[in-house]
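Here is the structure we will look at, set down as structure tokens.
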Amino acid sequence: MSTVSSGHTHAHHFESSQHEHKAGIHGVWLFLVTEILMFSGLFVAYAIFKGVYPEVFHEGHRYLDWRLGALNTVILLFSSLTMALSIHYIRVNKPKAAMINLLITIACGLGFMIVKYIEYNAKFHHGLYPGHFFTAHEHIEHKNLALFFSLYFCMTGLHGIHVLTGMGLIGWVAIRLKKGEFGPHHYTAVEGVGLFWHLVDLIWIYLFPLLYLVS
Amino acid sequence: MAHDAHEIKGIGIYLKVFATLIVLTIVTVAVAQVNLGRLNTLIAMLIATAKALVVMIWFMHMNHESTLNRIVFGTAFIFALIFYGLTFMDVDTRINLQNLFINK
């Protein structure tokens with residue numbers, strides 16, 4: 001175990017703290033690769049079913065409010081900005097400014113989930129559930145509209161779980177920052193969490209047009 | 001110094017990146033209001049990819065990242081392309097695609 005606080009020393013199996021940092025960040029990049037491939041499965045499913053049933057996707061997207069989707073896009077992009085800023089402030093030794101930016105990032109994550117909750121509630125209210133839970137059979141044009149909502153809930157649900165995870169991780173680094181565990185030369189955990197948070201943003205960048213703006 | 005592989009610049013670059021992402025989001029929404037047929041999806045994906053690149057290069061600091069990590073992250077997209085490519089070849093070359101799926 002490495003010791004922390006002002007006198008940061010690296011773990012004994014690393015040559016230097018730079019070596020430790022590089023190994024840690026390398027691990028995060030490898031993890032992000034698995035994340036992209038996990039989401040790829042859903043994107044491939046989306047593309048194939050959209051190719052087979054374009055009219056179902058067209059009907060499905062009319063039940064989504066693009067304004068809420070756009071609002072969430074702006075919230076996530078802003079949170080990516082504050083995440084990047086918090087790392088910047090740690091590097092220039094301004095822990096207070098870094099903390100404020102971390103807290104804003106968590107607040108943005110919360111805002112995103114609240115908007116998502118409002119959206120999900122509206123869908124559930126109309127019986128627009130995924131798969132065989134779907135009950136809105138009366139007013140729909142296409143019999144298999146449930147297909148669209150299966151994909152919608154799987155894609156946004158998995159993404160939502162990532163937002164919640166990211167919020168937890170940012171909370172964790174915020175607590176460690178408060179304890180004085182990070183400084184201009186040791187902030188590996190913050191950078192790793194930041195990379196994860198940007199990936200969550202990256203996935204939403206594709207989900208937004210695919211689900212809310214399909215024509 | 002310890003982790004300072006790249007020098008620290010001001011926050012200006014981050015604000016510019018954010019502004020660019022917002023502009024691209026507005027463009028995506030605006031283009032989606034115009035019916036261009038199949039082009040719509042293509043344009044939406046191109047803009048999304050532009051946004052993704054901006055996030056990767058400046059927010060994720062790909063511009064200062066080691067070659068090793070660039071290659072690692074690049075493999076994710078190569079394998080995703082293989083995944084899409086081979087699946088589409090399969091789907092696309094089936095004649096009675098519609099018959100594969102019941103409840104049409």
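Each chain in the structure tokens gets a letter, A, B, ..., in the order shown, and its residues are numbered from 1; ligands are numbered from 1 in order too.
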Could you find all residues in stretch 22-76 of chain B that DSSP calls alpha helix (DSSP H) from the backbone, and write them as a PDB file with all heavy atoms, in the first residue's frame?
ATOM      1  N   ILE B  22     -21.355  22.533 -27.675  1.00  0.00           N
ATOM      2  CA  ILE B  22     -22.723  23.071 -27.632  1.00  0.00           C
ATOM      3  C   ILE B  22     -23.176  23.462 -29.039  1.00  0.00           C
ATOM      4  O   ILE B  22     -24.295  23.151 -29.454  1.00  0.00           O
ATOM      5  CB  ILE B  22     -22.798  24.292 -26.673  1.00  0.00           C
ATOM      6  CG1 ILE B  22     -22.544  23.845 -25.236  1.00  0.00           C
ATOM      7  CG2 ILE B  22     -24.152  24.988 -26.787  1.00  0.00           C
ATOM      8  CD1 ILE B  22     -23.580  22.909 -24.654  1.00  0.00           C
ATOM      9  N   VAL B  23     -22.277  24.120 -29.798  1.00  0.00           N
ATOM     10  CA  VAL B  23     -22.621  24.511 -31.168  1.00  0.00           C
ATOM     11  C   VAL B  23     -22.956  23.273 -31.999  1.00  0.00           C
ATOM     12  O   VAL B  23     -23.975  23.228 -32.710  1.00  0.00           O
ATOM     13  CB  VAL B  23     -21.469  25.315 -31.821  1.00  0.00           C
ATOM     14  CG1 VAL B  23     -21.703  25.493 -33.308  1.00  0.00           C
ATOM     15  CG2 VAL B  23     -21.314  26.674 -31.142  1.00  0.00           C
ATOM     16  N   LEU B  24     -22.138  22.218 -31.863  1.00  0.00           N
ATOM     17  CA  LEU B  24     -22.377  20.992 -32.634  1.00  0.00           C
ATOM     18  C   LEU B  24     -23.704  20.330 -32.223  1.00  0.00           C
ATOM     19  O   LEU B  24     -24.400  19.748 -33.058  1.00  0.00           O
ATOM     20  CB  LEU B  24     -21.215  20.017 -32.462  1.00  0.00           C
ATOM     21  CG  LEU B  24     -19.926  20.396 -33.202  1.00  0.00           C
ATOM     22  CD1 LEU B  24     -18.783  19.460 -32.817  1.00  0.00           C
ATOM     23  CD2 LEU B  24     -20.125  20.355 -34.715  1.00  0.00           C
ATOM     24  N   THR B  25     -24.057  20.443 -30.925  1.00  0.00           N
ATOM     25  CA  THR B  25     -25.331  19.888 -30.463  1.00  0.00           C
ATOM     26  C   THR B  25     -26.494  20.640 -31.118  1.00  0.00           C
ATOM     27  O   THR B  25     -27.466  20.027 -31.583  1.00  0.00           O
ATOM     28  CB  THR B  25     -25.451  19.997 -28.924  1.00  0.00           C
ATOM     29  OG1 THR B  25     -24.337  19.317 -28.345  1.00  0.00           O
ATOM     30  CG2 THR B  25     -26.738  19.374 -28.425  1.00  0.00           C
ATOM     31  N   ILE B  26     -26.383  21.966 -31.169  1.00  0.00           N
ATOM     32  CA  ILE B  26     -27.431  22.780 -31.801  1.00  0.00           C
ATOM     33  C   ILE B  26     -27.555  22.411 -33.278  1.00  0.00           C
ATOM     34  O   ILE B  26     -28.663  22.245 -33.799  1.00  0.00           O
ATOM     35  CB  ILE B  26     -27.124  24.290 -31.625  1.00  0.00           C
ATOM     36  CG1 ILE B  26     -27.228  24.660 -30.131  1.00  0.00           C
ATOM     37  CG2 ILE B  26     -28.084  25.149 -32.448  1.00  0.00           C
ATOM     38  CD1 ILE B  26     -26.674  26.034 -29.782  1.00  0.00           C
ATOM     39  N   VAL B  27     -26.408  22.237 -33.953  1.00  0.00           N
ATOM     40  CA  VAL B  27     -26.420  21.863 -35.371  1.00  0.00           C
ATOM     41  C   VAL B  27     -27.132  20.516 -35.544  1.00  0.00           C
ATOM     42  O   VAL B  27     -27.969  20.352 -36.439  1.00  0.00           O
ATOM     43  CB  VAL B  27     -24.983  21.801 -35.949  1.00  0.00           C
ATOM     44  CG1 VAL B  27     -24.988  21.232 -37.363  1.00  0.00           C
ATOM     45  CG2 VAL B  27     -24.336  23.175 -35.930  1.00  0.00           C
ATOM     46  N   THR B  28     -26.821  19.540 -34.662  1.00  0.00           N
ATOM     47  CA  THR B  28     -27.465  18.215 -34.762  1.00  0.00           C
ATOM     48  C   THR B  28     -28.981  18.339 -34.681  1.00  0.00           C
ATOM     49  O   THR B  28     -29.708  17.767 -35.501  1.00  0.00           O
ATOM     50  CB  THR B  28     -27.011  17.305 -33.586  1.00  0.00           C
ATOM     51  OG1 THR B  28     -25.602  17.326 -33.523  1.00  0.00           O
ATOM     52  CG2 THR B  28     -27.479  15.887 -33.790  1.00  0.00           C
ATOM     53  N   VAL B  29     -29.448  19.096 -33.684  1.00  0.00           N
ATOM     54  CA  VAL B  29     -30.892  19.256 -33.491  1.00  0.00           C
ATOM     55  C   VAL B  29     -31.498  19.988 -34.695  1.00  0.00           C
ATOM     56  O   VAL B  29     -32.554  19.588 -35.206  1.00  0.00           O
ATOM     57  CB  VAL B  29     -31.180  20.022 -32.172  1.00  0.00           C
ATOM     58  CG1 VAL B  29     -32.656  20.359 -32.063  1.00  0.00           C
ATOM     59  CG2 VAL B  29     -30.742  19.187 -30.978  1.00  0.00           C
ATOM     60  N   ALA B  30     -30.831  21.030 -35.185  1.00  0.00           N
ATOM     61  CA  ALA B  30     -31.345  21.812 -36.313  1.00  0.00           C
ATOM     62  C   ALA B  30     -31.453  20.949 -37.568  1.00  0.00           C
ATOM     63  O   ALA B  30     -32.487  20.966 -38.253  1.00  0.00           O
ATOM     64  CB  ALA B  30     -30.444  23.020 -36.557  1.00  0.00           C
ATOM     65  N   VAL B  31     -30.407  20.182 -37.853  1.00  0.00           N
ATOM     66  CA  VAL B  31     -30.413  19.351 -39.068  1.00  0.00           C
ATOM     67  C   VAL B  31     -31.513  18.291 -38.983  1.00  0.00           C
ATOM     68  O   VAL B  31     -32.157  17.955 -39.982  1.00  0.00           O
ATOM     69  CB  VAL B  31     -29.029  18.684 -39.279  1.00  0.00           C
ATOM     70  CG1 VAL B  31     -29.088  17.650 -40.407  1.00  0.00           C
ATOM     71  CG2 VAL B  31     -27.984  19.738 -39.600  1.00  0.00           C
ATOM     72  N   ALA B  32     -31.767  17.790 -37.763  1.00  0.00           N
ATOM     73  CA  ALA B  32     -32.778  16.742 -37.590  1.00  0.00           C
ATOM     74  C   ALA B  32     -34.184  17.237 -37.918  1.00  0.00           C
ATOM     75  O   ALA B  32     -35.080  16.438 -38.215  1.00  0.00           O
ATOM     76  CB  ALA B  32     -32.730  16.198 -36.161  1.00  0.00           C
ATOM     77  N   LEU B  39     -29.997  10.595 -45.478  1.00  0.00           N
ATOM     78  CA  LEU B  39     -28.862  11.458 -45.147  1.00  0.00           C
ATOM     79  C   LEU B  39     -28.879  11.910 -43.697  1.00  0.00           C
ATOM     80  O   LEU B  39     -27.837  12.137 -43.093  1.00  0.00           O
ATOM     81  CB  LEU B  39     -28.884  12.695 -46.060  1.00  0.00           C
ATOM     82  CG  LEU B  39     -28.021  12.647 -47.319  1.00  0.00           C
ATOM     83  CD1 LEU B  39     -28.162  13.939 -48.091  1.00  0.00           C
ATOM     84  CD2 LEU B  39     -26.553  12.402 -46.965  1.00  0.00           C
ATOM     85  N   ASN B  40     -30.099  12.029 -43.127  1.00  0.00           N
ATOM     86  CA  ASN B  40     -30.234  12.511 -41.751  1.00  0.00           C
ATOM     87  C   ASN B  40     -29.383  11.710 -40.768  1.00  0.00           C
ATOM     88  O   ASN B  40     -28.642  12.276 -39.957  1.00  0.00           O
ATOM     89  CB  ASN B  40     -31.700  12.457 -41.310  1.00  0.00           C
ATOM     90  CG  ASN B  40     -32.449  13.705 -41.742  1.00  0.00           C
ATOM     91  OD1 ASN B  40     -33.186  13.677 -42.723  1.00  0.00           O
ATOM     92  ND2 ASN B  40     -32.245  14.797 -41.036  1.00  0.00           N
ATOM     93  N   THR B  41     -29.534  10.381 -40.852  1.00  0.00           N
ATOM     94  CA  THR B  41     -28.802   9.517 -39.921  1.00  0.00           C
ATOM     95  C   THR B  41     -27.295   9.684 -40.128  1.00  0.00           C
ATOM     96  O   THR B  41     -26.540   9.775 -39.164  1.00  0.00           O
ATOM     97  CB  THR B  41     -29.208   8.046 -40.119  1.00  0.00           C
ATOM     98  OG1 THR B  41     -30.631   7.977 -40.093  1.00  0.00           O
ATOM     99  CG2 THR B  41     -28.640   7.159 -39.029  1.00  0.00           C
ATOM    100  N   LEU B  42     -26.890   9.723 -41.405  1.00  0.00           N
ATOM    101  CA  LEU B  42     -25.463   9.851 -41.716  1.00  0.00           C
ATOM    102  C   LEU B  42     -24.890  11.143 -41.142  1.00  0.00           C
ATOM    103  O   LEU B  42     -23.848  11.130 -40.471  1.00  0.00           O
ATOM    104  CB  LEU B  42     -25.263   9.805 -43.244  1.00  0.00           C
ATOM    105  CG  LEU B  42     -23.813   9.895 -43.711  1.00  0.00           C
ATOM    106  CD1 LEU B  42     -23.057   8.617 -43.353  1.00  0.00           C
ATOM    107  CD2 LEU B  42     -23.731  10.150 -45.212  1.00  0.00           C
ATOM    108  N   ILE B  43     -25.618  12.258 -41.369  1.00  0.00           N
ATOM    109  CA  ILE B  43     -25.144  13.559 -40.865  1.00  0.00           C
ATOM    110  C   ILE B  43     -25.097  13.541 -39.339  1.00  0.00           C
ATOM    111  O   ILE B  43     -24.114  13.978 -38.726  1.00  0.00           O
ATOM    112  CB  ILE B  43     -26.050  14.710 -41.370  1.00  0.00           C
ATOM    113  CG1 ILE B  43     -25.896  14.863 -42.888  1.00  0.00           C
ATOM    114  CG2 ILE B  43     -25.699  16.024 -40.682  1.00  0.00           C
ATOM    115  CD1 ILE B  43     -26.908  15.789 -43.532  1.00  0.00           C
ATOM    116  N   ALA B  44     -26.155  12.990 -38.708  1.00  0.00           N
ATOM    117  CA  ALA B  44     -26.192  12.930 -37.236  1.00  0.00           C
ATOM    118  C   ALA B  44     -24.995  12.152 -36.700  1.00  0.00           C
ATOM    119  O   ALA B  44     -24.371  12.547 -35.706  1.00  0.00           O
ATOM    120  CB  ALA B  44     -27.496  12.298 -36.767  1.00  0.00           C
ATOM    121  N   MET B  45     -24.648  11.040 -37.371  1.00  0.00           N
ATOM    122  CA  MET B  45     -23.521  10.220 -36.899  1.00  0.00           C
ATOM    123  C   MET B  45     -22.178  10.916 -37.129  1.00  0.00           C
ATOM    124  O   MET B  45     -21.261  10.791 -36.321  1.00  0.00           O
ATOM    125  CB  MET B  45     -23.533   8.852 -37.597  1.00  0.00           C
ATOM    126  CG  MET B  45     -24.616   7.910 -37.116  1.00  0.00           C
ATOM    127  SD  MET B  45     -24.554   7.596 -35.325  1.00  0.00           S
ATOM    128  CE  MET B  45     -25.725   8.759 -34.710  1.00  0.00           C
ATOM    129  N   LEU B  46     -22.090  11.663 -38.254  1.00  0.00           N
ATOM    130  CA  LEU B  46     -20.842  12.399 -38.522  1.00  0.00           C
ATOM    131  C   LEU B  46     -20.628  13.482 -37.467  1.00  0.00           C
ATOM    132  O   LEU B  46     -19.523  13.649 -36.943  1.00  0.00           O
ATOM    133  CB  LEU B  46     -20.876  13.016 -39.926  1.00  0.00           C
ATOM    134  CG  LEU B  46     -20.645  12.033 -41.088  1.00  0.00           C
ATOM    135  CD1 LEU B  46     -20.780  12.753 -42.431  1.00  0.00           C
ATOM    136  CD2 LEU B  46     -19.264  11.383 -40.982  1.00  0.00           C
ATOM    137  N   ILE B  47     -21.715  14.210 -37.129  1.00  0.00           N
ATOM    138  CA  ILE B  47     -21.590  15.262 -36.113  1.00  0.00           C
ATOM    139  C   ILE B  47     -21.264  14.637 -34.758  1.00  0.00           C
ATOM    140  O   ILE B  47     -20.405  15.133 -34.021  1.00  0.00           O
ATOM    141  CB  ILE B  47     -22.874  16.116 -36.025  1.00  0.00           C
ATOM    142  CG1 ILE B  47     -23.115  16.839 -37.354  1.00  0.00           C
ATOM    143  CG2 ILE B  47     -22.768  17.134 -34.898  1.00  0.00           C
ATOM    144  CD1 ILE B  47     -24.435  17.570 -37.430  1.00  0.00           C
ATOM    145  N   ALA B  48     -21.933  13.510 -34.434  1.00  0.00           N
ATOM    146  CA  ALA B  48     -21.664  12.822 -33.165  1.00  0.00           C
ATOM    147  C   ALA B  48     -20.198  12.402 -33.095  1.00  0.00           C
ATOM    148  O   ALA B  48     -19.552  12.543 -32.049  1.00  0.00           O
ATOM    149  CB  ALA B  48     -22.579  11.609 -33.005  1.00  0.00           C
ATOM    150  N   THR B  49     -19.664  11.912 -34.221  1.00  0.00           N
ATOM    151  CA  THR B  49     -18.263  11.488 -34.249  1.00  0.00           C
ATOM    152  C   THR B  49     -17.329  12.687 -34.069  1.00  0.00           C
ATOM    153  O   THR B  49     -16.322  12.591 -33.366  1.00  0.00           O
ATOM    154  CB  THR B  49     -17.957  10.737 -35.555  1.00  0.00           C
ATOM    155  OG1 THR B  49     -18.871   9.634 -35.638  1.00  0.00           O
ATOM    156  CG2 THR B  49     -16.539  10.216 -35.593  1.00  0.00           C
ATOM    157  N   ALA B  50     -17.701  13.817 -34.678  1.00  0.00           N
ATOM    158  CA  ALA B  50     -16.898  15.035 -34.498  1.00  0.00           C
ATOM    159  C   ALA B  50     -16.880  15.424 -33.023  1.00  0.00           C
ATOM    160  O   ALA B  50     -15.826  15.736 -32.456  1.00  0.00           O
ATOM    161  CB  ALA B  50     -17.470  16.167 -35.349  1.00  0.00           C
ATOM    162  N   LYS B  51     -18.066  15.361 -32.370  1.00  0.00           N
ATOM    163  CA  LYS B  51     -18.143  15.694 -30.949  1.00  0.00           C
ATOM    164  C   LYS B  51     -17.310  14.715 -30.124  1.00  0.00           C
ATOM    165  O   LYS B  51     -16.585  15.116 -29.200  1.00  0.00           O
ATOM    166  CB  LYS B  51     -19.608  15.653 -30.472  1.00  0.00           C
ATOM    167  CG  LYS B  51     -20.430  16.827 -30.951  1.00  0.00           C
ATOM    168  CD  LYS B  51     -21.923  16.581 -30.735  1.00  0.00           C
ATOM    169  CE  LYS B  51     -22.334  16.776 -29.290  1.00  0.00           C
ATOM    170  NZ  LYS B  51     -23.794  16.558 -29.106  1.00  0.00           N
ATOM    171  N   ALA B  52     -17.427  13.428 -30.465  1.00  0.00           N
ATOM    172  CA  ALA B  52     -16.686  12.395 -29.726  1.00  0.00           C
ATOM    173  C   ALA B  52     -15.183  12.652 -29.838  1.00  0.00           C
ATOM    174  O   ALA B  52     -14.448  12.543 -28.845  1.00  0.00           O
ATOM    175  CB  ALA B  52     -17.036  11.007 -30.265  1.00  0.00           C
ATOM    176  N   LEU B  53     -14.713  13.031 -31.051  1.00  0.00           N
ATOM    177  CA  LEU B  53     -13.283  13.293 -31.247  1.00  0.00           C
ATOM    178  C   LEU B  53     -12.831  14.486 -30.408  1.00  0.00           C
ATOM    179  O   LEU B  53     -11.770  14.459 -29.790  1.00  0.00           O
ATOM    180  CB  LEU B  53     -12.989  13.537 -32.733  1.00  0.00           C
ATOM    181  CG  LEU B  53     -12.956  12.274 -33.612  1.00  0.00           C
ATOM    182  CD1 LEU B  53     -12.854  12.645 -35.086  1.00  0.00           C
ATOM    183  CD2 LEU B  53     -11.782  11.373 -33.222  1.00  0.00           C
ATOM    184  N   VAL B  54     -13.668  15.533 -30.383  1.00  0.00           N
ATOM    185  CA  VAL B  54     -13.329  16.724 -29.590  1.00  0.00           C
ATOM    186  C   VAL B  54     -13.195  16.347 -28.117  1.00  0.00           C
ATOM    187  O   VAL B  54     -12.233  16.740 -27.444  1.00  0.00           O
ATOM    188  CB  VAL B  54     -14.410  17.818 -29.797  1.00  0.00           C
ATOM    189  CG1 VAL B  54     -14.246  18.934 -28.780  1.00  0.00           C
ATOM    190  CG2 VAL B  54     -14.334  18.387 -31.213  1.00  0.00           C
ATOM    191  N   THR B  67       1.584   6.965 -26.769  1.00  0.00           N
ATOM    192  CA  THR B  67       1.237   6.218 -27.977  1.00  0.00           C
ATOM    193  C   THR B  67       0.580   4.894 -27.608  1.00  0.00           C
ATOM    194  O   THR B  67      -0.391   4.470 -28.241  1.00  0.00           O
ATOM    195  CB  THR B  67       2.497   5.948 -28.814  1.00  0.00           C
ATOM    196  OG1 THR B  67       3.206   7.177 -28.934  1.00  0.00           O
ATOM    197  CG2 THR B  67       2.150   5.426 -30.182  1.00  0.00           C
ATOM    198  N   LEU B  68       1.079   4.266 -26.546  1.00  0.00           N
ATOM    199  CA  LEU B  68       0.543   2.976 -26.114  1.00  0.00           C
ATOM    200  C   LEU B  68      -0.953   3.094 -25.808  1.00  0.00           C
ATOM    201  O   LEU B  68      -1.762   2.308 -26.301  1.00  0.00           O
ATOM    202  CB  LEU B  68       1.288   2.484 -24.871  1.00  0.00           C
ATOM    203  CG  LEU B  68       0.750   1.197 -24.235  1.00  0.00           C
ATOM    204  CD1 LEU B  68       0.913   0.018 -25.189  1.00  0.00           C
ATOM    205  CD2 LEU B  68       1.441   0.917 -22.912  1.00  0.00           C
ATOM    206  N   ASN B  69      -1.318   4.115 -25.019  1.00  0.00           N
ATOM    207  CA  ASN B  69      -2.723   4.260 -24.657  1.00  0.00           C
ATOM    208  C   ASN B  69      -3.598   4.668 -25.834  1.00  0.00           C
ATOM    209  O   ASN B  69      -4.771   4.318 -25.898  1.00  0.00           O
ATOM    210  CB  ASN B  69      -2.880   5.254 -23.499  1.00  0.00           C
ATOM    211  CG  ASN B  69      -2.438   4.639 -22.187  1.00  0.00           C
ATOM    212  OD1 ASN B  69      -2.357   3.418 -22.069  1.00  0.00           O
ATOM    213  ND2 ASN B  69      -2.129   5.476 -21.211  1.00  0.00           N
ATOM    214  N   ARG B  70      -3.007   5.405 -26.782  1.00  0.00           N
ATOM    215  CA  ARG B  70      -3.763   5.751 -27.997  1.00  0.00           C
ATOM    216  C   ARG B  70      -4.081   4.476 -28.777  1.00  0.00           C
ATOM    217  O   ARG B  70      -5.190   4.298 -29.273  1.00  0.00           O
ATOM    218  CB  ARG B  70      -2.949   6.694 -28.883  1.00  0.00           C
ATOM    219  CG  ARG B  70      -2.899   8.104 -28.345  1.00  0.00           C
ATOM    220  CD  ARG B  70      -2.104   8.987 -29.272  1.00  0.00           C
ATOM    221  NE  ARG B  70      -1.773  10.258 -28.626  1.00  0.00           N
ATOM    222  CZ  ARG B  70      -0.890  11.110 -29.097  1.00  0.00           C
ATOM    223  NH1 ARG B  70      -0.228  10.850 -30.209  1.00  0.00           N
ATOM    224  NH2 ARG B  70      -0.660  12.240 -28.468  1.00  0.00           N
ATOM    225  N   ILE B  71      -3.075   3.601 -28.883  1.00  0.00           N
ATOM    226  CA  ILE B  71      -3.283   2.346 -29.609  1.00  0.00           C
ATOM    227  C   ILE B  71      -4.319   1.495 -28.883  1.00  0.00           C
ATOM    228  O   ILE B  71      -5.235   0.941 -29.493  1.00  0.00           O
ATOM    229  CB  ILE B  71      -1.941   1.577 -29.768  1.00  0.00           C
ATOM    230  CG1 ILE B  71      -1.007   2.351 -30.692  1.00  0.00           C
ATOM    231  CG2 ILE B  71      -2.185   0.166 -30.300  1.00  0.00           C
ATOM    232  CD1 ILE B  71       0.412   1.813 -30.734  1.00  0.00           C
ATOM    233  N   VAL B  72      -4.197   1.421 -27.556  1.00  0.00           N
ATOM    234  CA  VAL B  72      -5.146   0.633 -26.753  1.00  0.00           C
ATOM    235  C   VAL B  72      -6.569   1.114 -27.014  1.00  0.00           C
ATOM    236  O   VAL B  72      -7.470   0.327 -27.308  1.00  0.00           O
ATOM    237  CB  VAL B  72      -4.795   0.738 -25.248  1.00  0.00           C
ATOM    238  CG1 VAL B  72      -5.963   0.273 -24.385  1.00  0.00           C
ATOM    239  CG2 VAL B  72      -3.568  -0.093 -24.937  1.00  0.00           C
ATOM    240  N   PHE B  73      -6.780   2.433 -26.915  1.00  0.00           N
ATOM    241  CA  PHE B  73      -8.128   2.960 -27.095  1.00  0.00           C
ATOM    242  C   PHE B  73      -8.583   2.777 -28.543  1.00  0.00           C
ATOM    243  O   PHE B  73      -9.748   2.481 -28.803  1.00  0.00           O
ATOM    244  CB  PHE B  73      -8.169   4.439 -26.697  1.00  0.00           C
ATOM    245  CG  PHE B  73      -9.555   4.923 -26.353  1.00  0.00           C
ATOM    246  CD1 PHE B  73     -10.330   4.233 -25.437  1.00  0.00           C
ATOM    247  CD2 PHE B  73     -10.073   6.067 -26.942  1.00  0.00           C
ATOM    248  CE1 PHE B  73     -11.608   4.660 -25.105  1.00  0.00           C
ATOM    249  CE2 PHE B  73     -11.353   6.510 -26.617  1.00  0.00           C
ATOM    250  CZ  PHE B  73     -12.118   5.806 -25.694  1.00  0.00           C
ATOM    251  N   GLY B  74      -7.636   2.914 -29.477  1.00  0.00           N
ATOM    252  CA  GLY B  74      -7.962   2.715 -30.895  1.00  0.00           C
ATOM    253  C   GLY B  74      -8.467   1.306 -31.182  1.00  0.00           C
ATOM    254  O   GLY B  74      -9.373   1.116 -31.993  1.00  0.00           O
ATOM    255  N   THR B  75      -7.905   0.317 -30.480  1.00  0.00           N
ATOM    256  CA  THR B  75      -8.334  -1.067 -30.731  1.00  0.00           C
ATOM    257  C   THR B  75      -9.821  -1.247 -30.409  1.00  0.00           C
ATOM    258  O   THR B  75     -10.495  -2.056 -31.042  1.00  0.00           O
ATOM    259  CB  THR B  75      -7.542  -2.088 -29.879  1.00  0.00           C
ATOM    260  OG1 THR B  75      -7.666  -1.741 -28.509  1.00  0.00           O
ATOM    261  CG2 THR B  75      -6.101  -2.171 -30.288  1.00  0.00           C
ATOM    262  N   ALA B  76     -10.339  -0.477 -29.451  1.00  0.00           N
ATOM    263  CA  ALA B  76     -11.771  -0.580 -29.119  1.00  0.00           C
ATOM    264  C   ALA B  76     -12.598  -0.301 -30.368  1.00  0.00           C
ATOM    265  O   ALA B  76     -13.555  -1.017 -30.668  1.00  0.00           O
ATOM    266  CB  ALA B  76     -12.138   0.406 -28.014  1.00  0.00           C
TER     267      ALA B  76
END
Inset, instruction - Enumerate as a PyMOL selection string the residues belonging to chain A that approach chain B to within 8 Å, with only C-alpha atoms taken into account. - result: chain A and resi 17-18+21+26+29-30+32-34+36-37+40+44+48+52+70+73-74+77-78+80-81+84-85+88+91-92+143-144+185-186+194-195+198+202+205-206+209-210+213-215
With only C-alpha atoms counted and 9 Å as the cut-off, give the residues of stretch 17-75 of chain A in contact with stretch 114-118 of chain A, each with its shortest interatomic distance in Å and the pair that gives it, as CSV.
residue,atom,partner,partner_atom,distance
A:Leu68,CA,A:Val115,CA,6.9
A:Gly69,CA,A:Val115,CA,8.6
A:Leu71,CA,A:Val115,CA,8.4
A:Asn72,CA,A:Val115,CA,7.1
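For A:Glu55, the non-local neighbours within 8 Å, defined as residues at least 3 positions apart in the same chain or in other chains and counting only C-alpha atoms, are His58, Glu59 and His142 of chain A.
Reported to one decimal place, the separation of atom CA of B:Thr20 from atom CA of A:Val28 is 26.4 Å.
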Legend entry - Shell of 9 Å around A:Ile104, only C-alpha atoms, local chain residues under 6 positions omitted, as an MDAnalysis selection string: chainID A and resid 79 82:83
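The nearest approach to A:Gly41 among the residues A:Leu164, A:Met155, A:Leu103, A:Ala174, with only C-alpha atoms taken into account, belongs to A:Met155.
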